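One file, query_30.cif, is given below (mmCIF, C-alpha atoms).
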data_structure
#
loop_
_atom_site.label_atom_id
_atom_site.label_comp_id
_atom_site.auth_asym_id
_atom_site.auth_seq_id
_atom_site.Cartn_x
_atom_site.Cartn_y
_atom_site.Cartn_z
CA MET A 1 135.90 247.54 229.17
CA THR A 2 137.32 244.07 229.81
CA GLY A 3 138.78 243.07 233.15
CA MET A 4 136.44 245.20 235.24
CA SER A 5 134.69 243.56 238.19
CA VAL A 6 131.27 244.85 237.06
CA ARG A 7 129.39 245.13 233.79
CA PRO A 8 128.19 247.09 231.96
CA TYR A 9 130.96 249.59 232.64
CA TRP A 10 131.73 252.79 230.78
CA GLU A 11 134.45 255.38 231.09
CA LEU A 12 134.06 259.14 230.84
CA ARG A 13 137.27 261.07 230.32
CA PHE A 14 137.52 264.84 230.83
CA ASP A 15 140.32 267.33 230.29
CA ALA A 16 141.31 270.06 232.76
CA ASP A 17 138.68 272.45 231.35
CA GLY A 18 135.86 269.93 231.71
CA ASP A 19 135.65 268.98 228.02
CA VAL A 20 134.48 265.38 227.70
CA ASP A 21 135.65 262.72 225.27
CA THR A 22 132.59 262.92 223.02
CA ARG A 23 132.93 259.36 221.70
CA GLN A 24 132.81 257.96 225.21
CA ARG A 25 129.87 260.21 226.12
CA ASP A 26 127.87 259.26 223.03
CA ARG A 27 128.57 255.55 223.54
CA LEU A 28 127.36 255.79 227.14
CA LEU A 29 124.16 257.61 226.16
CA GLU A 30 123.38 255.18 223.33
CA GLN A 31 124.10 251.99 225.21
CA ALA A 32 122.49 253.10 228.48
CA ALA A 33 119.28 253.79 226.56
CA GLN A 34 119.42 250.43 224.78
CA GLN A 35 119.97 248.40 227.95
CA GLU A 36 117.16 250.09 229.89
CA LEU A 37 119.15 250.25 233.11
CA THR A 38 117.37 250.86 236.39
CA ASP A 39 120.39 252.49 238.03
CA LEU A 40 123.70 254.03 236.98
CA VAL A 41 126.52 254.45 239.54
CA VAL A 42 128.96 257.18 238.51
CA PHE A 43 132.26 257.22 240.47
CA SER A 44 134.93 259.94 240.35
CA HIS A 45 138.42 259.36 241.71
CA GLY A 46 140.36 261.95 243.67
CA TRP A 47 144.12 262.10 243.27
CA ASN A 48 145.52 259.54 240.83
CA ASN A 49 148.44 259.88 238.45
CA THR A 50 147.15 257.70 235.62
CA ARG A 51 144.01 256.25 234.10
CA THR A 52 145.28 252.81 235.17
CA MET A 53 145.32 253.90 238.83
CA ALA A 54 141.79 255.24 238.53
CA THR A 55 140.40 252.08 236.96
CA ARG A 56 142.15 249.88 239.54
CA LEU A 57 140.35 251.85 242.23
CA TYR A 58 136.98 251.46 240.47
CA ASP A 59 137.54 247.74 239.93
CA ARG A 60 138.24 247.19 243.64
CA PHE A 61 135.45 249.42 244.94
CA PHE A 62 132.78 248.00 242.63
CA ALA A 63 133.81 244.35 243.20
CA PRO A 64 131.29 243.67 246.04
CA PHE A 65 128.31 245.11 244.13
CA PRO A 66 127.25 242.00 242.12
CA GLY A 67 127.28 239.79 245.20
CA LEU A 68 125.40 242.33 247.29
CA LEU A 69 122.74 242.85 244.63
CA GLY A 70 122.37 239.21 243.56
CA GLU A 71 121.97 238.08 239.96
CA ALA A 72 118.21 237.67 240.14
CA GLY A 73 117.42 240.93 241.91
CA PRO A 74 115.21 243.70 240.55
CA ALA A 75 118.09 246.10 239.80
CA ARG A 76 119.76 246.33 236.40
CA PRO A 77 122.69 248.57 237.29
CA GLY A 78 125.40 250.06 235.13
CA TYR A 79 128.66 251.66 236.20
CA VAL A 80 130.69 254.66 235.05
CA GLY A 81 134.24 255.57 235.95
CA VAL A 82 135.17 259.25 235.60
CA VAL A 83 138.77 259.95 234.60
CA TRP A 84 140.09 263.50 234.94
CA PRO A 85 143.61 264.99 235.10
CA SER A 86 144.68 264.97 238.74
CA MET A 87 147.72 263.75 240.60
CA ARG A 88 148.94 262.40 243.90
CA PHE A 89 152.34 262.23 245.53
CA ALA A 90 153.73 258.70 245.37
CA ASP A 91 154.32 258.58 249.15
CA GLU A 92 150.54 258.29 249.64
CA SER A 93 148.76 254.95 249.75
CA LEU A 94 145.97 254.51 247.22
CA GLY A 95 142.70 252.77 248.02
CA GLY A 96 144.31 250.57 250.64
CA LEU A 97 147.13 249.55 248.29
CA PRO A 98 150.69 249.83 249.61
CA ARG A 99 152.65 252.99 249.05
CA ASP A 100 154.98 253.12 246.07
CA GLN A 101 158.11 254.54 247.68
CA ALA A 102 160.79 251.94 248.27
CA PRO A 103 162.16 251.45 251.79
CA GLY A 104 165.39 253.35 252.29
CA GLU A 105 164.69 255.89 249.56
CA PRO A 106 166.01 259.28 250.74
CA PRO A 107 163.64 262.18 251.33
CA GLY A 108 162.93 264.39 248.37
CA LEU A 109 160.78 264.34 245.26
CA ASP A 110 160.51 260.77 244.05
CA ALA A 111 160.70 259.98 240.34
CA GLU A 112 157.01 259.14 239.94
CA THR A 113 155.85 262.38 241.58
CA HIS A 114 158.36 264.31 239.47
CA ARG A 115 156.87 262.82 236.29
CA ALA A 116 153.35 263.53 237.50
CA LEU A 117 154.17 267.19 238.18
CA ASP A 118 155.66 267.52 234.69
CA ALA A 119 152.47 266.11 233.20
CA VAL A 120 150.05 268.15 235.30
CA PHE A 121 151.98 271.41 234.82
CA PRO A 122 153.09 271.34 231.16
CA GLY A 123 155.66 273.92 230.22
CA ARG A 124 156.95 274.25 233.79
CA GLN A 125 159.45 271.39 233.78
CA GLN A 126 162.33 273.69 234.73
CA ILE A 127 160.47 274.85 237.83
CA VAL A 128 159.72 271.24 238.81
CA ALA A 129 163.36 270.24 238.25
CA ARG A 130 164.63 273.02 240.51
CA LEU A 131 162.07 272.16 243.21
CA ALA A 132 163.24 268.54 243.09
CA GLU A 133 166.86 269.67 243.35
CA LEU A 134 166.17 271.78 246.43
CA LEU A 135 164.22 268.98 248.13
CA ALA A 136 167.07 266.56 247.48
CA GLU A 137 169.80 268.93 248.71
CA ARG A 138 167.82 270.47 251.62
CA PRO A 139 170.21 273.45 251.89
CA GLU A 140 170.68 274.92 255.34
CA ARG A 141 169.96 278.44 254.09
CA LEU A 142 166.73 280.37 254.58
CA ALA A 143 167.29 281.95 251.17
CA ALA A 144 166.83 278.50 249.64
CA LEU A 145 163.45 278.15 251.36
CA ASP A 146 162.46 281.56 250.00
CA GLU A 147 163.44 280.43 246.52
CA PHE A 148 161.41 277.25 246.99
CA ALA A 149 158.30 279.23 247.94
CA VAL A 150 158.66 281.53 244.92
CA LEU A 151 158.99 278.51 242.62
CA VAL A 152 155.91 276.81 244.07
CA ARG A 153 153.96 280.02 243.59
CA GLY A 154 155.02 280.11 239.95
CA LEU A 155 154.03 276.48 239.53
CA VAL A 156 150.49 276.80 240.87
CA ARG A 157 149.63 280.28 239.55
CA VAL A 158 146.31 280.05 237.72
CA ARG A 159 145.28 283.34 236.19
CA GLY A 160 141.65 284.13 235.43
CA MET A 161 140.23 281.39 237.63
CA SER A 162 139.03 283.23 240.73
CA GLY A 163 135.42 282.61 241.72
CA GLY A 164 132.85 280.10 240.50
CA ALA A 165 133.49 276.40 240.65
CA GLY A 166 137.17 277.05 241.24
CA ASP A 167 136.84 278.89 244.57
CA ALA A 168 140.02 278.18 246.45
CA ALA A 169 138.08 278.01 249.69
CA ASP A 170 134.54 276.69 249.93
CA THR A 171 133.70 279.29 252.54
CA GLY A 172 133.90 282.40 250.40
CA ALA A 173 137.54 283.45 250.71
CA GLU A 174 139.30 284.59 247.57
CA PRO A 175 142.86 284.02 246.32
CA ASP A 176 145.12 286.93 245.46
CA GLU A 177 145.27 288.69 242.11
CA ASP A 178 147.22 285.82 240.53
CA GLY A 179 144.75 283.19 241.70
CA VAL A 180 147.17 281.82 244.32
CA PRO A 181 146.46 281.18 248.03
CA ALA A 182 147.97 283.67 250.44
CA MET A 183 150.16 280.94 251.97
CA PHE A 184 152.65 281.48 249.15
CA GLY A 185 153.02 285.14 250.02
CA GLN A 186 153.52 284.67 253.75
CA ASP A 187 156.74 284.11 255.64
CA VAL A 188 157.88 280.76 254.24
CA THR A 189 159.68 279.74 257.42
CA GLU A 190 156.54 280.13 259.50
CA VAL A 191 154.41 278.26 256.95
CA CYS A 192 156.89 275.38 256.70
CA GLU A 193 157.11 275.16 260.49
CA ARG A 194 153.33 274.79 260.71
CA PHE A 195 153.29 272.06 258.08
CA ALA A 196 156.21 270.25 259.71
CA ALA A 197 154.38 270.31 263.07
CA ALA A 198 151.24 268.91 261.45
CA LEU A 199 153.26 266.12 259.81
CA THR A 200 154.79 265.20 263.14
CA GLU A 201 151.33 265.09 264.70
CA ALA A 202 150.07 262.93 261.82
CA ARG A 203 152.87 260.46 262.44
CA GLY A 204 152.00 260.32 266.13
CA LYS A 205 148.35 259.54 265.36
CA SER A 206 149.18 256.60 263.06
CA ASP A 207 148.86 252.99 264.10
CA ALA A 208 152.15 251.32 264.93
CA GLU A 209 152.00 249.10 261.83
CA ASP A 210 151.38 252.01 259.46
CA ARG A 211 153.97 254.16 261.21
CA ALA A 212 156.60 251.45 260.79
CA VAL A 213 155.97 251.38 257.03
CA PHE A 214 156.31 255.13 256.89
CA ASP A 215 159.47 255.23 258.98
CA SER A 216 161.14 252.62 256.75
CA GLY A 217 160.67 254.90 253.75
CA LEU A 218 161.29 258.41 254.98
CA GLY A 219 162.91 258.28 258.36
CA GLY A 220 161.90 260.77 260.99
CA LEU A 221 159.60 263.71 260.42
CA GLY A 222 160.14 267.34 261.34
CA GLY A 223 162.33 270.05 259.92
CA LEU A 224 161.64 272.95 257.61
CA TRP A 225 162.28 270.97 254.43
CA ASP A 226 159.66 268.40 255.42
CA GLY A 227 157.31 271.35 255.71
CA ALA A 228 158.49 272.65 252.34
CA HIS A 229 157.71 269.28 250.75
CA GLU A 230 154.21 269.56 252.21
CA LEU A 231 153.90 273.12 250.91
CA LEU A 232 154.48 271.77 247.39
CA ARG A 233 151.95 269.01 247.96
CA GLN A 234 149.35 271.49 249.17
CA GLY A 235 150.05 273.75 246.22
CA THR A 236 149.27 270.96 243.78
CA TYR A 237 146.17 270.03 245.79
CA TYR A 238 144.98 273.61 245.50
CA VAL A 239 145.14 273.35 241.70
CA MET A 240 143.43 269.93 241.72
CA LYS A 241 140.70 271.25 244.00
CA ARG A 242 139.91 274.08 241.60
CA ARG A 243 140.06 271.73 238.64
CA ALA A 244 137.66 269.28 240.29
CA GLY A 245 135.06 272.03 240.59
CA THR A 246 135.47 273.02 236.96
CA VAL A 247 135.30 269.46 235.62
CA GLY A 248 132.23 268.74 237.75
CA ARG A 249 130.23 271.80 236.78
CA GLU A 250 131.32 272.25 233.17
CA GLY A 251 131.91 268.60 232.25
CA LEU A 252 130.11 265.95 234.27
CA GLY A 253 127.01 268.04 235.04
CA PRO A 254 125.91 268.36 231.39
CA VAL A 255 126.52 264.65 230.77
CA LEU A 256 124.32 263.78 233.75
CA GLY A 257 121.66 266.09 232.34
CA ALA A 258 121.77 264.23 229.02
CA LEU A 259 121.44 260.89 230.83
CA ALA A 260 118.47 262.20 232.83
CA ALA A 261 116.78 263.20 229.57
CA LEU A 262 116.84 259.67 228.10
CA ARG A 263 113.42 258.18 227.39
CA THR A 264 114.17 255.30 229.77
CA ALA A 265 116.49 257.23 232.06
CA PRO A 266 118.22 255.25 234.84
CA ARG A 267 118.33 256.54 238.38
CA ILE A 268 121.74 258.22 238.74
CA HIS A 269 123.90 257.73 241.83
CA LEU A 270 127.05 259.80 242.25
CA VAL A 271 130.05 258.58 244.23
CA GLY A 272 133.22 260.60 244.70
CA HIS A 273 136.44 260.14 246.65
CA SER A 274 138.54 263.04 247.97
CA PHE A 275 138.59 265.77 245.29
CA GLY A 276 136.33 263.47 243.28
CA ALA A 277 133.73 264.11 245.98
CA ARG A 278 134.06 267.80 245.22
CA LEU A 279 133.81 267.04 241.50
CA VAL A 280 130.50 265.14 241.77
CA SER A 281 129.14 267.77 244.17
CA PHE A 282 129.86 270.53 241.68
CA ALA A 283 128.33 268.38 238.95
CA LEU A 284 125.01 269.03 240.69
CA THR A 285 125.45 272.74 239.94
CA GLY A 286 125.93 271.91 236.25
CA LEU A 287 122.55 270.16 235.91
CA GLU A 288 119.80 271.88 233.98
CA GLU A 289 117.02 273.32 236.14
CA GLY A 290 114.61 270.58 237.14
CA ALA A 291 117.08 267.69 236.62
CA THR A 292 118.05 265.63 239.68
CA VAL A 293 120.11 262.61 240.65
CA ALA A 294 118.87 259.86 242.96
CA SER A 295 121.69 259.87 245.51
CA VAL A 296 125.19 261.16 246.26
CA THR A 297 127.81 259.42 248.41
CA LEU A 298 130.97 261.34 249.28
CA LEU A 299 133.94 259.25 250.44
CA GLN A 300 136.48 261.26 252.45
CA GLY A 301 135.50 264.46 250.69
CA ALA A 302 138.38 266.95 250.44
CA PHE A 303 136.44 270.19 250.74
CA SER A 304 134.88 272.33 253.42
CA HIS A 305 132.45 270.79 255.90
CA TYR A 306 130.45 274.01 255.55
CA ALA A 307 130.07 273.69 251.75
CA PHE A 308 126.37 272.75 252.00
CA ALA A 309 125.51 275.19 254.79
CA GLY A 310 122.83 277.79 254.15
CA ARG A 311 124.61 280.14 256.53
CA LEU A 312 128.23 280.04 257.64
CA PRO A 313 128.66 280.12 261.44
CA HIS A 314 131.46 282.67 261.14
CA ALA A 315 129.74 284.76 258.41
CA ALA A 316 125.95 284.65 258.70
CA ASP A 317 125.50 286.75 255.56
CA ARG A 318 126.99 284.00 253.41
CA GLY A 319 126.31 280.35 252.66
CA GLY A 320 128.59 277.53 251.64
CA VAL A 321 129.61 277.40 248.00
CA LEU A 322 127.30 274.39 247.46
CA HIS A 323 124.42 275.43 249.70
CA ASP A 324 121.91 275.06 246.85
CA ALA A 325 123.21 271.72 245.56
CA PRO A 326 121.25 269.29 247.81
CA ARG A 327 117.97 270.28 246.15
CA ARG A 328 119.31 268.59 242.99
CA VAL A 329 119.30 265.25 244.82
CA SER A 330 115.96 263.44 245.16
CA GLY A 331 117.41 261.10 247.77
CA PRO A 332 120.13 261.49 250.41
CA LEU A 333 123.46 263.27 250.04
CA VAL A 334 125.78 261.23 252.26
CA SER A 335 129.17 262.27 253.62
CA CYS A 336 131.29 259.34 254.84
CA HIS A 337 133.97 260.61 257.22
CA SER A 338 136.75 259.14 259.35
CA ARG A 339 138.79 260.49 262.25
CA HIS A 340 141.75 258.43 260.97
CA ASP A 341 142.05 260.60 257.86
CA THR A 342 145.06 262.72 258.81
CA ALA A 343 145.22 264.34 255.36
CA LEU A 344 141.87 265.98 256.11
CA GLY A 345 142.01 266.12 259.90
CA LEU A 346 145.42 267.77 260.27
CA LEU A 347 146.90 268.96 256.99
CA TYR A 348 143.74 270.33 255.37
CA PRO A 349 142.97 272.72 258.26
CA VAL A 350 146.58 273.92 258.44
CA ALA A 351 146.67 274.59 254.71
CA SER A 352 143.36 276.43 254.95
CA ARG A 353 144.42 278.53 257.93
CA VAL A 354 147.66 279.69 256.38
CA SER A 355 145.94 280.47 253.07
CA TRP A 356 143.84 283.39 254.28
CA ASP A 357 144.80 286.52 256.15
CA ASP A 358 141.69 286.53 258.37
CA ALA A 359 142.08 282.92 259.47
CA SER A 360 142.04 282.16 263.16
CA LEU A 361 144.97 280.07 264.32
CA LEU A 362 143.22 278.75 267.40
CA PRO A 363 143.43 274.94 267.54
CA GLY A 364 139.73 274.64 268.27
CA ASP A 365 138.59 276.80 265.36
CA LEU A 366 136.34 274.64 263.15
CA ARG A 367 136.21 277.12 260.28
CA TRP A 368 138.66 275.17 258.17
CA GLY A 369 137.48 271.59 258.70
CA ALA A 370 136.99 269.08 255.89
CA ILE A 371 133.75 267.22 255.25
CA GLY A 372 135.61 263.89 255.00
CA TYR A 373 136.95 264.28 258.53
CA ASP A 374 133.92 265.28 260.59
CA GLY A 375 130.98 265.21 258.18
CA VAL A 376 128.46 267.84 257.14
CA GLN A 377 128.35 270.87 259.44
CA ALA A 378 125.87 273.74 259.96
CA VAL A 379 123.06 272.06 258.00
CA ASP A 380 119.83 271.84 260.00
CA GLY A 381 118.31 268.38 260.36
CA CYS A 382 121.39 266.51 259.14
CA PRO A 383 121.45 263.07 260.84
CA ARG A 384 124.79 261.80 262.15
CA LEU A 385 124.95 258.02 261.95
CA GLU A 386 127.44 255.43 263.08
CA LEU A 387 128.35 252.92 260.38
CA ALA A 388 126.29 250.13 261.99
CA GLU A 389 123.21 252.38 262.01
CA ALA A 390 123.73 253.24 258.35
CA LEU A 391 124.02 249.58 257.39
CA ASP A 392 121.28 248.06 259.52
CA GLY A 393 118.87 250.79 260.60
CA PRO A 394 116.42 252.94 258.65
CA PHE A 395 118.32 255.06 256.15
CA PRO A 396 117.24 258.69 255.72
CA ALA A 397 115.21 259.16 252.56
CA GLY A 398 116.64 262.57 251.69
CA GLY A 399 118.72 265.56 252.73
CA CYS A 400 122.30 265.67 253.98
CA VAL A 401 123.49 262.70 256.06
CA SER A 402 126.82 262.16 257.85
CA VAL A 403 128.09 258.61 258.40
CA ASP A 404 131.11 257.94 260.63
CA VAL A 405 133.06 255.20 258.84
CA SER A 406 136.11 255.31 261.13
CA GLU A 407 135.51 251.65 261.96
CA VAL A 408 136.69 250.57 258.49
CA VAL A 409 138.47 253.65 257.04
CA ARG A 410 141.39 253.51 259.44
CA HIS A 411 144.66 252.38 257.78
CA GLY A 412 147.25 254.32 255.82
CA VAL A 413 150.69 255.82 256.27
CA PRO A 414 151.38 259.49 257.01
CA PRO A 415 150.86 262.09 255.74
CA ALA A 416 147.51 261.02 254.24
CA GLY A 417 146.63 258.44 256.88
CA ALA A 418 143.43 256.57 256.05
CA HIS A 419 142.36 259.08 253.40
CA SER A 420 142.37 256.49 250.61
CA ASP A 421 141.36 253.42 252.63
CA ILE A 422 137.94 253.27 250.96
CA CYS A 423 137.70 249.88 249.26
CA HIS A 424 135.46 248.09 251.76
CA GLU A 425 132.25 246.14 251.32
CA GLU A 426 130.68 248.24 254.06
CA LEU A 427 131.11 251.40 251.96
CA ALA A 428 129.67 249.66 248.91
CA ARG A 429 126.65 248.82 251.06
CA VAL A 430 126.33 252.48 252.10
CA VAL A 431 126.14 253.46 248.41
CA LEU A 432 123.47 250.83 247.77
CA ARG A 433 121.43 251.82 250.83
CA ALA A 434 121.67 255.52 250.10
CA GLY A 435 120.45 254.95 246.55
CA ARG A 436 117.99 252.21 247.42
CA ILE A 437 119.54 250.21 244.63
CA GLY A 438 118.00 246.76 244.41
CA ALA A 439 115.48 247.56 247.13
CA GLY A 440 112.64 246.24 245.02
#
Would you encode the structure as structure tokens?
Amino acid sequence: MTGMSVRPYWELRFDADGDVDTRQRDRLLEQAAQQELTDLVVFSHGWNNTRTMATRLYDRFFAPFPGLLGEAGPARPGYVGVVWPSMRFADESLGGLPRDQAPGEPPGLDAETHRALDAVFPGRQQIVARLAELLAERPERLAALDEFAVLVRGLVRVRGMSGGAGDAADTGAEPDEDGVPAMFGQDVTEVCERFAAALTEARGKSDAEDRAVFDSGLGGLGGLWDGAHELLRQGTYYVMKRRAGTVGREGLGPVLGALAALRTAPRIHLVGHSFGARLVSFALTGLEEGATVASVTLLQGAFSHYAFAGRLPHAADRGGVLHDAPRRVSGPLVSCHSRHDTALGLLYPVASRVSWDDASLLPGDLRWGAIGYDGVQAVDGCPRLELAEALDGPFPAGGCVSVDVSEVVRHGVPPAGAHSDICHEELARVVLRAGRIGAG
């Protein structure tokens, strides 16, 4: 691919069921074998609306790699960008790039997000159109909120997908009979109030500069319709979260297995952002028995911080959904996390709490935390490193590792906060150190 900051670079495209573009896969396998690469870095995006957005992210993140490795070093790396059907709301910044919503645009469903919903949910354009209409009008009638909740439920209903890689919660909870989180069956006013409160808190935690950008676009936060807008966002995230697991296990995992079987197989290093972190983690479960990857780096992972736990603190008879995955990694499995990520620190726990009937609503309950906010939890022997330690000190040779990257992952407007502020040389260096790429 021309115009990319690194070479050789390949793309792997998957559909929602995990089926890969076979021409791209075969080209990667053939050329990777011919070039006798030492290392292959495979990066999966999280929420992006288009292939162009995904490749822009890869171009920016990979840009420091050649300079850090040096032209004459021992490594001969290659790079892969995974493209899978996901989406984001256009009011979220992407990879440190400015948000797309124009200042002064009224609250509601912007045109880009409307188009993305139509593409991600084919055949449900009428539902999306009515949701957009309600968000624009913001009727002062509770019946309108009830209608909104029913429509969102119809939009995100996924029959026949309970269990497996698509678990709605990474801690063992199940959706209802239609494959929909319980939040869509609860009192919509209460759910929207909780989301509105979380949005207000997210705004309060933002830096003044980021908050000013946000305020210029949306005005003040609060109100039930702000919460309803967030309910729609969380509904789409629920579908993307399930899809990420499916694409990882059914799609990327087998491709990684084929790469590992090459006669001159490169060392494989997985990198994933947000739901892409979930995707590459589930790819480990799709490897054939005995196959491994060299390292995994999760950037602001949007899934449970208990996913890798052998035993859940609140349910000792169960483990996290990925408790067996780390044994498929010969080196470290690194979770980079930031306290400035309000998407994961505030909104993710609220969405998780209101999704399940047995959820505690106590503010201090850690059951519903995200791995990209506070790192790996309930895994014995998991080191917790500051960024400076990860960059300059001895790096763990294996097992789960948590690295606090709040020092650099810190900017972004509400509601996502710093969730997508990942294009930093320091994070590129974490990937290289975790994988011992170019270490000689």
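One finds CA of Val188 (chain A) at 13.6 Å from CA of Gln234 (chain A).
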Hey, which bits of region 211-270 of chain A sit within 10 Å of region 309-332 of chain A, and for each residue what's the closest pair of atoms and how far apart in Å (one decimal), counting all atoms listed in the file, rows by chain and increasing number, as a tab-separated table?
residue	atom	partner	partner_atom	distance
A:Arg267	CA	A:Ser330	CA	10.0
A:Ile268	CA	A:Val329	CA	9.6
A:His269	CA	A:Val329	CA	9.3
A:Leu270	CA	A:Val329	CA	9.8
Review point. Which distance in Å separates CA of Tyr306 (chain A) and CA of Gln377 (chain A), to one decimal?
Key: 5.4 Å
Practice item. Step by step, work through what the PyMOL selection byres ((chain A and resi 135) around 9) selects in the shown file, and finish by giving those residues as a list in words. Key: Pro107, Gly108, Leu109, Arg130, Leu131, Ala132, Glu133, Leu134, Ala136, Glu137, Arg138, Pro139, Phe148, Trp225, Asp226, Ala228 and His229 of chain A
How close does region 227-299 of chain A get to region 397-400 of chain A? List, as JSON lines, each residue of region 227-299 of chain A within 10 Å, its nearest atom pair and the distance in Å to one decimal, counting all atoms listed in the file.
{"residue": "A:Ala294", "atom": "CA", "partner": "A:Gly398", "partner_atom": "CA", "distance": 9.4}
{"residue": "A:Ser295", "atom": "CA", "partner": "A:Gly398", "partner_atom": "CA", "distance": 8.4}
{"residue": "A:Val296", "atom": "CA", "partner": "A:Cys400", "partner_atom": "CA", "distance": 9.4}
For the selection just defined, write its residues with C-alpha atoms to a file, as a short mmCIF file (atom, residue, chain, number, x, y, z; two decimals), in the frame of the given file.
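part-v3.cif, written as the output of this step:
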data_model
loop_
_atom_site.label_atom_id
_atom_site.label_comp_id
_atom_site.auth_asym_id
_atom_site.auth_seq_id
_atom_site.Cartn_x
_atom_site.Cartn_y
_atom_site.Cartn_z
CA ALA A 294 118.87 259.86 242.96
CA SER A 295 121.69 259.87 245.51
CA VAL A 296 125.19 261.16 246.26
#
Exercise for review: List, as a ChimeraX atom specification, every residue that the PyMOL selection byres ((chain A and resi 335-350) around 6) selects in the file provided.
Suggested key: /A:202,298-300,334,351-353,368-370,372-375,402-406,410,416-419
Review point. Of the residues A:Leu69, A:Arg51, A:Met4, A:Val41, which is the one nearest to Val271 (chain A), using only C-alpha atoms?
Key: A:Val41
Exercise for review: Quick one: pull the distance between CA of Leu151 (chain A) and CA of Arg88 (chain A), Å, one decimal.
Suggested key: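 Separation of CA of Leu151 (chain A) and CA of Arg88 (chain A): 19.0 Å.
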Review point. Which residue out of A:Arg124, A:Thr189, A:Phe89, A:Val6 has the minimum interatomic distance to Asp110 (chain A) when all atoms listed in the file are used?
Key: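 Closest residue, counting all atoms listed in the file: A:Phe89.
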